[in-house]
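Here is the structure we will look at.
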Amino acid sequence: MVITITTGAGHGKTPLSAFDAALKLAGVHNYNLIYISSIIPKGAVLKVKKYAPKRSEYGNRLYVVKAEIRSREVGKFIGAALGWYQIDDGRGIFVEHEEIGITEESVKTNLIKVVNESLTDLCRTRNFPLNKNRFKVKMNLIKVDYSAASALVLAIYKSGGWINIR
């Protein structure tokens with residue numbers, strides 16, 4: 001299984017339209033997002049790249065792990081981060097965090113700190129061998145300037161249609 005890590009950030013007149021702009025930049029604005037928890041299955045391969053939507057999948061379900069933030073606080077920086085850790089057979093975990101702050105650097109620093117703390121705790125809970133050199137993180141930041149803003153990072157598992165859904 002290939003899991004795609006994609007990002008988006010955007011502005012809009014409202015936090016919702018900013019979120020939609022971020023979804024568009026991530027390549028997923030025409031899907032129905034279904035949020036799942038943070039377990040990476042055995043054999044998974046993670047690829048960081050913009051998601052390439054298929055026209056034929058308009059309105060499909062899209063299973064994702066999501067880190068996302070929206071704000072109207074002009075002058076602030078907002079950020080979303082998705083961290084992950086995998087053991088040798090591909091099994092692993094994601095952690096999702098969001099942050100708002102005065103400076104871009106403070107948001108980045110805080111996101112890295114909480115991602116590392118969460119990954120450490122979740123690895124210990126699962127008795128995964130802890131190697132912090134294997135911690136991975138993808139983050140996305142944006143400044144809230146003239147309008148509402150949103151930043152997101154998604155781990156996309158798969159798309160599915162609606163036929164035979166019970």
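Labels for the structure tokens follow display order: chains A, B, ..., residues from 1 in each chain, ligands from 1.
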
If you count only C-alpha atoms, which residues fall within 9 Å of stretch 152-165 of chain A, apart from same-chain ones fewer than 6 positions away, as a PyMOL selection string? chain A and resi 1-9+19+22-23+26+31+46+48+51+57+59-70+79-82+94+96+98+138-141

If you run DSSP over the backbone, which residues in stretch 4-149 of chain A end up strand (DSSP E)? Put them as a ChimeraX atom specification. /A:4-12,32-35,39-40,45-48,61-71,77-86,92-101,136-143,148-149

Pick out the residues sitting within 10 Å of stretch 84-86 of chain A, and hand them over as a PyMOL selection string; count only C-alpha atoms, and ignore anything fewer than 6 positions along from it in its own chain. chain A and resi 38-46+92-96+115-116+118-120+122-123+128-138

From A:Ile34, A:Ile87, A:Ile78, A:Ile142, residue lying nearest A:Asn127 [only C-alpha atoms]: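 Closest to A:Asn127, using only C-alpha atoms: A:Ile87.
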
Using only C-alpha atoms, which of A:Gly83, A:Gly90, A:Gly27, A:Gly10 sits nearest A:Ile112?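 Residue with the minimum atom-to-atom distance to A:Ile112: A:Gly83.
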
Figure out the distance between atom CA of A:Val74 and atom CA of A:His11, please, to one decimal in Å.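 Taking atom CA of A:His11 and atom CA of A:Val74, their separation equals 11.6 Å.
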
Let's see if you can do this: from backbone DSSP, list all helix (DSSP H, G or I) residues in stretch 63-151 of chain A, as a ChimeraX atom specification. /A:104-125,132-134

Counting only C-alpha atoms, which of A:Asp121, A:Asp88, A:Asp145, A:Glu104 gets nearest to A:Gly12?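 Smallest distance to A:Gly12 is found for A:Asp145.
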
Could you pull the residues within 8 Å of A:Gly75, counting only C-alpha atoms, minus those fewer than 4 positions along the same chain, as a ChimeraX atom specification? /A:102,143-145

Suppose you want the space between atom CA of A:Ala18 and atom CA of A:Thr109; what is it in Å? 24.0 Å
